[in-house]
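Written out below as structure tokens is the structure these notes cover.
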Amino acid sequence: MVGIAFSWEKGKGYYLVLPEDYQQTLAVLQPFIAFFEHPEIEKVGHNLKYDLKVLRNYTIEVKGPLFDTMIAHYLVNPDMRHNMDVLAETYLNYSPQSITELIGKKGKDQRTMREVAESDQTEYAVEDADITFQLSSYFQKEMESADTLSLYQQVELPLVSVLTAMECEGIRLDVSFLKSLSKTLTEDINQLEKSIFTAAEETFNLASPKQLGLILFEKLKLIEKPKKTKTGQYSTAEDVLSYLAKDHPIVSDILDWRSLQKLQSTYVDALPKEINPKTGRVHTIYNQAVAATGRLSSNNPNLQNIPIRTVRGQQVRKAFIPRDENHLLMAADYSQIELRIIAALSQDEGMVTAFQNNEDIHKATAAKVFNVPLEEVTREQRSNAKTVNFGIVYGVSAFGLSQQTDLNRTEAKALIETYYATYPKLRAYIQDQIDFARDHGYVSTVLGRRRYLKDINSQNAVVRGADERNGVNAPIQGSAADIIKLAMIAIQEKLTGEQWRSKMLLQVHDELVFDAHKEELDALKIMVKSEMENAFSLAVPLVVDIGVGKNWLEAH
DNA sequence: GAAGTCACG
DNA sequence: ACGTACGTGACTTCA
């Protein structure tokens, strides 16, 4: 830490210069602890989670009310970027000094803030504090008029501290297991590569879609009219190749090569590099202000997209392990939360009843739309019903459904029609959302989180259609995000307030992952299940499934 | 840095 | 006739 800027009056600010030496810095910070840890003084910042984590490294545990201008603006307009310099220009009509002017473009010549003259540091940092302070009162009013202040104060701000704790906790990885996984992957990848080059009768860069396209569609001429990407290149995307795989062994080898290559480069080899040498654990960073629907995102590394769908992919999950022999990993996930939300919001009797009776919703849907008894539903019928159930949430078309299933467009269209006839209030609900959006320009979640849809009344059917689908999807995906955020806050409150030894580690949209202390396991299951299921009350019950194991795969 | 691809919910 | 399912982040190639 190089310095800290403070401002508590528009246009004024103060800059605290900190020495390079850690112990000396602690001494300089000593008189400020009373401020940072004061339970009543509100601390305003832009991306406070970052500042909270830096201060933690200097043994300061920030307390008291928070105001985060980045998150405030995320609620004011979730689709925009939230960089402070842009916000200053947009809302204060003021262009702050850019960081690049001060330290240069990124690269080897970039200077550190420590190397900048103290007077320049002061000017820059104080301007930052001043702007942030001014933005806070502006966004406060904006949130009041959009009625999102309670979402901000009761959910988003408390979540900042919860995420800080989760990120600092991190999760343990089994590195030697990943190393051996990488070895077998290399062998299989080399094998596939060999057979692909033999079939192609030449070697080329398999990782280059451009080169691959030329081989498949110009040299081997696999089909008459290959699909092209928007830049005119041959498309070699998964759905295109899958279609060809059954007739051409080289194509299925390419698909296998791609999937193994992906596993190795994105996960197996990359994850160990992300281990923090100080803690020996992997610490993702959650972004609370990127996903326009209210979801979190995860990066450096992304722990929200760890493989699970394929057997080879599942091996990666085995590498996520408990912190020590006294712990197990516990995973708790909401069962069908988005469909439960659409059922509750639409009040459709058929769907609500199915959930109240705790039925297998895809099977129940199949029985209804294919008009067969529950016990006679085939695998294929259930699978198609499942695809429609998910598709409805996104606003699927007959074309889209036919792409995702083995149905043709006519059959897909008929299935969608039958679906709406089965769940009539779903269609009414979807129409209501679109009508509301047309009148008000936005839609909202159960906690009043808004998403503005500027093209909802557009003359252009394509962009209007996109906003209509967003108008249906955003309240559902966003309400699910609201609910799990409420649960996380309640759970973390218990874990810290009651001094549990178990820790909450990860969030994956509808799932929470814990380091569960073996002695607390039974109690933890009960507490987490109850807090998640009762985080928010809907017209249908929320159901949480819990799993425990010696790795993340086993916990499912 | 854009484009293409693919991992997840 | 047209375009065609929501939300993300990471890796590789290539201009």
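A note on labels: chains of the structure tokens are A, B, ... as shown, every chain counts residues from 1, and ligands are counted from 1 in their shown order.
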Distance limit 8 Å, atoms considered: only C-alpha atoms (C1' of nucleotides). Which chain B residues sit that close to chain A? Return them as a ChimeraX atom specification. /B:4-9
Distance table requested - chain C against chain A, cut-off 6 Å, only C-alpha atoms (C1' of nucleotides): one row per qualifying residue with the closest atom pair and its distance in Å to one decimal, ordered by chain and rising residue number, as a tab-separated table.
```
residue	atom	partner	partner_atom	distance
C:DA5	C1'	A:Tyr394	CA	4.8
C:DC6	C1'	A:Tyr394	CA	5.2
C:DT13	C1'	A:Ser208	CA	5.8
```
Next, the residues of the selection above should be written as a tab-separated table (two decimals), in the first residue's frame with N, CA and C atoms (P, O5', C5', C4', C3', O3' and C1' of nucleotides).
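Result went into selection-v6.tsv, see below:
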```tsv
chain	number	residue	atom	x	y	z
C	5	DA	P	-31.39	-18.63	-30.63
C	5	DA	O5'	-32.38	-18.99	-29.43
C	5	DA	C5'	-33.33	-18.08	-28.96
C	5	DA	C4'	-33.05	-17.68	-27.51
C	5	DA	C3'	-31.59	-17.32	-27.21
C	5	DA	O3'	-31.57	-16.18	-26.37
C	5	DA	C1'	-32.21	-19.31	-26.03
C	6	DC	P	-30.43	-15.20	-26.27
C	6	DC	O5'	-30.32	-14.99	-24.68
C	6	DC	C5'	-31.43	-14.45	-23.96
C	6	DC	C4'	-31.16	-14.60	-22.48
C	6	DC	C3'	-29.75	-14.16	-22.07
C	6	DC	O3'	-29.75	-12.76	-21.78
C	6	DC	C1'	-30.26	-16.27	-21.11
C	13	DT	P	-2.21	-21.74	-30.71
C	13	DT	O5'	-2.99	-20.84	-31.77
C	13	DT	C5'	-4.12	-21.40	-32.44
C	13	DT	C4'	-4.73	-20.35	-33.35
C	13	DT	C3'	-3.76	-19.71	-34.34
C	13	DT	O3'	-4.39	-19.71	-35.60
C	13	DT	C1'	-4.87	-18.03	-33.11
```
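Taking CA of Pro226 in chain A and CA of Tyr243 in chain A as the two end points, the separation is 11.5 Å.
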Give me every strand (DSSP E) residue in range 274-523 of chain A, going by DSSP on the backbone, as a ChimeraX atom specification. /A:275-276,281-282,285-287,297-299,320-321,327-334,442-444,450-452,503-507,511-517
Could you turn the residues from that selection into a file that holds N, CA and C atoms, as an mmCIF file, in the first residue's frame?
```cif
data_model
loop_
_atom_site.group_PDB
_atom_site.id
_atom_site.type_symbol
_atom_site.label_atom_id
_atom_site.label_comp_id
_atom_site.auth_asym_id
_atom_site.auth_seq_id
_atom_site.Cartn_x
_atom_site.Cartn_y
_atom_site.Cartn_z
ATOM 1 N N ILE A 275 -2.428 -21.226 -7.456
ATOM 2 C CA ILE A 275 -2.321 -21.411 -6.004
ATOM 3 C C ILE A 275 -1.478 -20.295 -5.394
ATOM 4 N N ASN A 276 -2.016 -19.682 -4.369
ATOM 5 C CA ASN A 276 -1.304 -18.625 -3.659
ATOM 6 C C ASN A 276 -0.237 -19.267 -2.778
ATOM 7 N N ARG A 281 -3.589 -22.169 -1.252
ATOM 8 C CA ARG A 281 -4.962 -22.385 -1.730
ATOM 9 C C ARG A 281 -5.273 -21.493 -2.932
ATOM 10 N N VAL A 282 -6.365 -21.803 -3.616
ATOM 11 C CA VAL A 282 -6.775 -21.020 -4.781
ATOM 12 C C VAL A 282 -7.838 -20.010 -4.357
ATOM 13 N N ILE A 285 -11.692 -14.478 -7.514
ATOM 14 C CA ILE A 285 -12.248 -13.160 -7.214
ATOM 15 C C ILE A 285 -13.661 -13.131 -7.779
ATOM 16 N N TYR A 286 -14.619 -12.770 -6.935
ATOM 17 C CA TYR A 286 -15.998 -12.658 -7.398
ATOM 18 C C TYR A 286 -16.227 -11.241 -7.860
ATOM 19 N N ASN A 287 -16.835 -11.106 -9.040
ATOM 20 C CA ASN A 287 -17.220 -9.779 -9.478
ATOM 21 C C ASN A 287 -18.709 -9.616 -9.221
ATOM 22 N N SER A 297 -20.013 -13.144 -10.947
ATOM 23 C CA SER A 297 -19.137 -13.874 -11.847
ATOM 24 C C SER A 297 -17.844 -14.131 -11.082
ATOM 25 N N SER A 298 -17.039 -15.047 -11.611
ATOM 26 C CA SER A 298 -15.832 -15.481 -10.904
ATOM 27 C C SER A 298 -14.666 -15.436 -11.884
ATOM 28 N N ASN A 299 -13.523 -14.925 -11.422
ATOM 29 C CA ASN A 299 -12.359 -14.930 -12.314
ATOM 30 C C ASN A 299 -11.043 -15.117 -11.558
ATOM 31 N N PHE A 320 -10.556 -30.742 -6.302
ATOM 32 C CA PHE A 320 -10.961 -29.768 -5.272
ATOM 33 C C PHE A 320 -11.254 -30.539 -3.991
ATOM 34 N N ILE A 321 -10.428 -30.280 -2.971
ATOM 35 C CA ILE A 321 -10.468 -31.133 -1.772
ATOM 36 C C ILE A 321 -10.582 -30.315 -0.485
ATOM 37 N N HIS A 327 -11.714 -32.127 7.811
ATOM 38 C CA HIS A 327 -12.817 -31.531 7.052
ATOM 39 C C HIS A 327 -13.248 -32.414 5.886
ATOM 40 N N LEU A 328 -14.484 -32.154 5.425
ATOM 41 C CA LEU A 328 -14.994 -32.733 4.177
ATOM 42 C C LEU A 328 -15.548 -31.580 3.350
ATOM 43 N N LEU A 329 -15.683 -31.802 2.055
ATOM 44 C CA LEU A 329 -16.347 -30.773 1.248
ATOM 45 C C LEU A 329 -17.846 -31.046 1.259
ATOM 46 N N MET A 330 -18.606 -29.978 1.413
ATOM 47 C CA MET A 330 -20.058 -30.107 1.383
ATOM 48 C C MET A 330 -20.597 -29.167 0.298
ATOM 49 N N ALA A 331 -21.462 -29.703 -0.565
ATOM 50 C CA ALA A 331 -22.077 -28.881 -1.609
ATOM 51 C C ALA A 331 -23.582 -28.855 -1.391
ATOM 52 N N ALA A 332 -24.172 -27.678 -1.444
ATOM 53 C CA ALA A 332 -25.621 -27.519 -1.256
ATOM 54 C C ALA A 332 -26.172 -26.789 -2.471
ATOM 55 N N ASP A 333 -27.081 -27.424 -3.203
ATOM 56 C CA ASP A 333 -27.592 -26.718 -4.379
ATOM 57 C C ASP A 333 -29.116 -26.713 -4.445
ATOM 58 N N TYR A 334 -29.617 -25.588 -4.949
ATOM 59 C CA TYR A 334 -31.055 -25.432 -5.132
ATOM 60 C C TYR A 334 -31.516 -26.338 -6.266
ATOM 61 N N TYR A 442 -38.438 -1.289 -18.191
ATOM 62 C CA TYR A 442 -37.595 -2.174 -17.397
ATOM 63 C C TYR A 442 -38.422 -3.339 -16.879
ATOM 64 N N VAL A 443 -37.727 -4.370 -16.375
ATOM 65 C CA VAL A 443 -38.374 -5.464 -15.652
ATOM 66 C C VAL A 443 -37.671 -5.590 -14.312
ATOM 67 N N SER A 444 -38.285 -6.294 -13.334
ATOM 68 C CA SER A 444 -37.586 -6.429 -12.055
ATOM 69 C C SER A 444 -37.736 -7.798 -11.430
ATOM 70 N N ARG A 450 -33.636 -4.095 -10.983
ATOM 71 C CA ARG A 450 -34.158 -3.744 -12.299
ATOM 72 C C ARG A 450 -33.179 -4.078 -13.419
ATOM 73 N N ARG A 451 -33.764 -4.357 -14.589
ATOM 74 C CA ARG A 451 -32.958 -4.373 -15.805
ATOM 75 C C ARG A 451 -33.707 -3.560 -16.836
ATOM 76 N N TYR A 452 -33.030 -2.553 -17.362
ATOM 77 C CA TYR A 452 -33.650 -1.665 -18.349
ATOM 78 C C TYR A 452 -33.498 -2.272 -19.749
ATOM 79 N N LYS A 503 -16.348 -23.393 6.910
ATOM 80 C CA LYS A 503 -16.277 -22.146 6.152
ATOM 81 C C LYS A 503 -17.025 -22.261 4.829
ATOM 82 N N MET A 504 -17.675 -21.170 4.435
ATOM 83 C CA MET A 504 -18.285 -21.103 3.106
ATOM 84 C C MET A 504 -17.186 -20.695 2.116
ATOM 85 N N LEU A 505 -17.045 -21.458 1.013
ATOM 86 C CA LEU A 505 -15.917 -21.234 0.107
ATOM 87 C C LEU A 505 -16.313 -20.693 -1.262
ATOM 88 N N LEU A 506 -17.315 -21.334 -1.883
ATOM 89 C CA LEU A 506 -17.629 -21.011 -3.277
ATOM 90 C C LEU A 506 -19.118 -20.829 -3.501
ATOM 91 N N GLN A 507 -19.456 -20.017 -4.516
ATOM 92 C CA GLN A 507 -20.835 -19.912 -4.987
ATOM 93 C C GLN A 507 -20.829 -20.157 -6.490
ATOM 94 N N GLU A 511 -25.538 -23.010 -6.222
ATOM 95 C CA GLU A 511 -24.836 -23.946 -5.350
ATOM 96 C C GLU A 511 -23.857 -23.216 -4.441
ATOM 97 N N LEU A 512 -23.731 -23.715 -3.204
ATOM 98 C CA LEU A 512 -22.716 -23.196 -2.276
ATOM 99 C C LEU A 512 -21.832 -24.358 -1.849
ATOM 100 N N VAL A 513 -20.534 -24.100 -1.739
ATOM 101 C CA VAL A 513 -19.577 -25.142 -1.365
ATOM 102 C C VAL A 513 -18.887 -24.756 -0.058
ATOM 103 N N PHE A 514 -18.751 -25.729 0.833
ATOM 104 C CA PHE A 514 -18.209 -25.468 2.166
ATOM 105 C C PHE A 514 -17.058 -26.411 2.501
ATOM 106 N N ASP A 515 -16.112 -25.904 3.282
ATOM 107 C CA ASP A 515 -15.189 -26.744 4.022
ATOM 108 C C ASP A 515 -15.931 -27.088 5.312
ATOM 109 N N ALA A 516 -16.382 -28.329 5.425
ATOM 110 C CA ALA A 516 -17.210 -28.707 6.573
ATOM 111 C C ALA A 516 -16.364 -29.443 7.608
ATOM 112 N N HIS A 517 -16.270 -28.879 8.803
ATOM 113 C CA HIS A 517 -15.558 -29.576 9.874
ATOM 114 C C HIS A 517 -16.344 -30.831 10.246
#
```
Extract, using only C-alpha atoms (C1' of nucleotides), all DNA, RNA and protein residues at most 7 Å from range 11-14 of chain A, discarding same-chain residues fewer than 4 positions from it, and format them as number ranges by chain. A: 5-7, 126, 130
